[in-house]
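Here's the structure, in structure tokens; my notes come after.
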Amino acid sequence: MSQQQMEFSSRRASWETMGEAEATARVSELVVLLNRHNHLYHVLDSPEIEDREYDLLFAELSGLEGRFPDLQQDDSPTQRVGGAPIDGLTPFAHSVPMLSLANAFDPQDVRDFEARWDKRDASRMSGGLRYFLRDSGLQIPETIDYVVEPKLDGLAMELVYEDGILVGAGTRGDGQVGEDVTHNMRTVATVPLRLHPPYPARLSVRGEVLYSLAGFAAMNAAREAAGDAPFKNPRNAAAGTVRQLDPTVAAQRPLMFLAHSAGEGFSPEETRNHSAIIARLQGMGFKVARDIQRCVGIEAVIEAIAHIGQVRDGLPYEIDGAVVKVDDLQLQEALGFVTRSPRWAVAYKYPAAVKRTRLNAIEFSVGRTGVVTPVAVMAPVNVGGVTVTHATLHNEHQMLRKPEYLGGLRVGDLIEVKRAGDVIPRVEAVIDEDGRSERPVGAYPSACPDCQSALVREENPDEPEKVIIRCPNALACRAQLQAGLKHFASRLAMDVEGLGEKLIAQLVAEGMVGRFSDLYLLEAGALSGLDRMAKKSADNLVSALETSKSRPLSCAVYALGIRHVGEATARDLVAHFRTIDALMVASPADLSAVNGVGPEVARSVHAFFESEAAQREVARMQEAGVQFPAEPEAVASEGAALDFTFVLTGTLPTMSRDEAKRKIQAAGGKVTGSVSSKTDYLVAGEAAGSKLDKATRLGVSVIDEAALLAMLGEV
């Protein structure tokens, strides 16, 4: 028996014989002690005891709470391990709205931010603000004090405390109402379950939930080792984790919460400035961002923004800018708000981080429709917290003629890489260096990299930059089959849980699947013989395939992978023809009569169903039990008839975008993927992004989820 096991056995013997009175005192002592050590370790990065000693104390507390459940306290650190899953997320109302910030992109934007309300430039003030400030009796100094802090790239969150105890946690949502995620936020180590005094009777603390870059990398490494797909980026992974219904998921992931402000609890009379609030939040036990600076005057603000930009790559978490706030809370209150943003704060957005690395190779991937796409293979480089090794080059024209690529990419080039939108890796430019001209320019292969069929070119004289190079061997190209199966099993198609990319590759390589219909002939016994495929996993996959047989007809049509037929077009086709048989015999003219279906799409759908291969495949799927259920006649929701075009963006407070889309379509509305002058309404949730900016420029009406539900007659 190890020394630690002996210590554990000794302590367990002690707590197992402890009386209730003694246990009551010991539980209170352990809660205070363990919370203190949690704070030292996770917030202050200065642990005083070894992990072994902490584990023994934690085990003792867990043991005592197990013997005496009534002694468990709300702020017990055992509450961080996660309880039972909840049924669903419920709305979380913000007592004080969580507003978004206006953006600045260069130093002049920051100067203009001050000039819009600064008393020294009254001519540029709007709405009589100067007189409002004058009548408030507030003395504005000649030089304004500001606070500049890193703009954390996470999920906005509000924590609510009553008498120092955490009682609620909610996402930002639309600023008025978010989602209640208290069950998950209790598991985050940097969220105090009990505040250090002094504290207000009721306090709401705003901040961001995010992953440290080291924690994110370690989590992804563990996922890959277990055969799971790595998360794409820290922010989206944090948002997904926080919205899990099972708190044990969040408890197992290295989330952190960094506080940056308060919604309620501090009055301007009691606490005069924002920097004092930051100090008080730290004193209560919250972790805050590094490099927060108090600045005197707008030029000092610009210097502070530049400094944060310089140290950005060395921070332990992702940021995408800097936030500038007027420090004086009374001045903040007097300045107030305009539309959806405070006048007293602005977000400075840094350009996406650009890193240099070497182009090691150009590979060519074959998609489900046979399109051959060049892919840059790079020496691994960390870009915004994610190790990047591959980036699509899109097509031949970009690979060879993009001006930033200096006459075409060459293996060995020194390249600049960034993540477009901080998500998708992209080769931005090539660095001209000695010896580069001696290397050959990359070239497309003449044959398919998978099946060796001769590739064909599809050119458009009017748009030469959109040339497509395709493998025509749709029936025997393994790469097209694997990509098609991945699409077939995807969530919006047949939604076959457990049928991932690696398993698909195995099934194809073993000759077990050569077409979609073969999936429905798979048996658990044969599946369990594959790598990393235990009996339970095999049974689950067979069950998921069985469930998929009754998927809606629009999903099944989308799953077939017809060229130019996306999810929305599949739904329009099915709404018009209602049965698979009617769709399969429709003429190009019949198809063109469907709203939203143009001549090219009509030709593609007709050609697909006219082919003997497609007809045989649909018949095989029907023989295997796929139902292709007829679409019921559309009936608009009572009291709702939305003859409008909507675009959905951002994260909605109480429902997914797919659910919102279904509600709109059921009420007669149309949902498109991009904002244009034909868009009637943009439904904007949290992190709305560029679509919101475009809607604003075009004068498109912007509404939130609550307004949408009102239009649908659901509130």
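Chains: A, B, ... in order of the structure tokens. Residues: from 1 per chain. Ligands: from 1, in order shown.
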Can you tell me, as a list in words, what residues are no more than 8 Å from A:Val683 when counting only C-alpha atoms, ignoring any on the same chain fewer than 5 positions away?
Phe646, Val647, Leu648, Thr649, Val702, Ile703, Asp704, Glu705 and Leu708 of chain A
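The residue set within 12 Å of A:Arg662, counting only C-alpha atoms and dropping same-chain residues fewer than 3 places from it, reads Glu567, Ala568, Arg571, Ala636, Ser637, Phe646, Leu648, Met655, Ser656, Arg657, Asp658, Glu659, Gln665, Ala666, Ala667, Gly668, Gly669, Lys670, Val671 and Leu712 of chain A.
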Review point. Among stretch 451-672 of chain A, which residues carry a DSSP assignment of strand (DSSP E or B), reported as number ranges by chain?
Key: A: 454, 456-458, 468-470, 645-649, 651, 670-672
For N, CA and C atoms, I'd like the residues from the last selection saved as a PDB file, in the first residue's frame.
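This is the output file part-v6.pdb:
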```pdb
ATOM      1  N   ALA A 454      -9.037  10.436 -65.226  1.00  0.00           N
ATOM      2  CA  ALA A 454      -8.616  11.712 -65.802  1.00  0.00           C
ATOM      3  C   ALA A 454      -9.558  12.819 -65.322  1.00  0.00           C
ATOM      4  N   VAL A 456     -11.460  16.490 -65.269  1.00  0.00           N
ATOM      5  CA  VAL A 456     -12.054  17.351 -66.292  1.00  0.00           C
ATOM      6  C   VAL A 456     -12.150  18.769 -65.749  1.00  0.00           C
ATOM      7  N   ARG A 457     -12.070  19.725 -66.667  1.00  0.00           N
ATOM      8  CA  ARG A 457     -12.161  21.138 -66.297  1.00  0.00           C
ATOM      9  C   ARG A 457     -13.541  21.681 -66.666  1.00  0.00           C
ATOM     10  N   GLU A 458     -14.112  22.437 -65.749  1.00  0.00           N
ATOM     11  CA  GLU A 458     -15.386  23.109 -66.014  1.00  0.00           C
ATOM     12  C   GLU A 458     -15.131  24.603 -65.886  1.00  0.00           C
ATOM     13  N   ILE A 468     -13.535  25.011 -62.173  1.00  0.00           N
ATOM     14  CA  ILE A 468     -13.672  23.837 -61.328  1.00  0.00           C
ATOM     15  C   ILE A 468     -12.993  22.662 -62.014  1.00  0.00           C
ATOM     16  N   ILE A 469     -12.194  21.933 -61.265  1.00  0.00           N
ATOM     17  CA  ILE A 469     -11.550  20.724 -61.774  1.00  0.00           C
ATOM     18  C   ILE A 469     -12.148  19.558 -61.002  1.00  0.00           C
ATOM     19  N   ARG A 470     -12.690  18.591 -61.748  1.00  0.00           N
ATOM     20  CA  ARG A 470     -13.522  17.568 -61.112  1.00  0.00           C
ATOM     21  C   ARG A 470     -13.125  16.165 -61.553  1.00  0.00           C
ATOM     22  N   THR A 645     -38.791  37.541 -45.486  1.00  0.00           N
ATOM     23  CA  THR A 645     -37.526  36.818 -45.572  1.00  0.00           C
ATOM     24  C   THR A 645     -36.665  37.180 -44.365  1.00  0.00           C
ATOM     25  N   PHE A 646     -36.192  36.146 -43.664  1.00  0.00           N
ATOM     26  CA  PHE A 646     -35.410  36.329 -42.450  1.00  0.00           C
ATOM     27  C   PHE A 646     -33.997  35.792 -42.655  1.00  0.00           C
ATOM     28  N   VAL A 647     -33.066  36.367 -41.906  1.00  0.00           N
ATOM     29  CA  VAL A 647     -31.725  35.813 -41.759  1.00  0.00           C
ATOM     30  C   VAL A 647     -31.482  35.675 -40.264  1.00  0.00           C
ATOM     31  N   LEU A 648     -30.905  34.548 -39.850  1.00  0.00           N
ATOM     32  CA  LEU A 648     -30.614  34.292 -38.441  1.00  0.00           C
ATOM     33  C   LEU A 648     -29.110  34.376 -38.220  1.00  0.00           C
ATOM     34  N   THR A 649     -28.706  35.024 -37.128  1.00  0.00           N
ATOM     35  CA  THR A 649     -27.278  35.134 -36.839  1.00  0.00           C
ATOM     36  C   THR A 649     -27.067  35.161 -35.336  1.00  0.00           C
ATOM     37  N   THR A 651     -26.109  33.596 -31.431  1.00  0.00           N
ATOM     38  CA  THR A 651     -26.686  32.574 -30.560  1.00  0.00           C
ATOM     39  C   THR A 651     -27.940  33.121 -29.902  1.00  0.00           C
ATOM     40  N   LYS A 670     -39.617  32.780 -44.957  1.00  0.00           N
ATOM     41  CA  LYS A 670     -38.476  32.199 -45.655  1.00  0.00           C
ATOM     42  C   LYS A 670     -37.209  32.578 -44.909  1.00  0.00           C
ATOM     43  N   VAL A 671     -36.266  31.637 -44.805  1.00  0.00           N
ATOM     44  CA  VAL A 671     -34.996  31.884 -44.127  1.00  0.00           C
ATOM     45  C   VAL A 671     -33.868  31.685 -45.121  1.00  0.00           C
ATOM     46  N   THR A 672     -33.030  32.700 -45.262  1.00  0.00           N
ATOM     47  CA  THR A 672     -31.870  32.609 -46.151  1.00  0.00           C
ATOM     48  C   THR A 672     -30.590  32.722 -45.330  1.00  0.00           C
TER      49      THR A 672
END
```
With distances taken over only C-alpha atoms, the candidate from A:Phe68, A:Tyr350, A:Tyr54, A:Phe577 nearest A:Gly19 is A:Phe68
Mind running stretch 511-605 of chain A against stretch 218-229 of chain A at 12 Å and telling me each contacting residue's nearest atom pair with the distance in Å (one decimal), counting only C-alpha atoms, chain and number ascending, as JSON lines?
```
{"residue": "A:Asp531", "atom": "CA", "partner": "A:Gly227", "partner_atom": "CA", "distance": 10.5}
{"residue": "A:Arg532", "atom": "CA", "partner": "A:Gly227", "partner_atom": "CA", "distance": 8.2}
{"residue": "A:Met533", "atom": "CA", "partner": "A:Gly227", "partner_atom": "CA", "distance": 10.8}
```
Counting only C-alpha atoms, closest pick from A:Val188, A:Ala534, A:Leu195, A:Ala237 relative to A:Gln252 is A:Val188
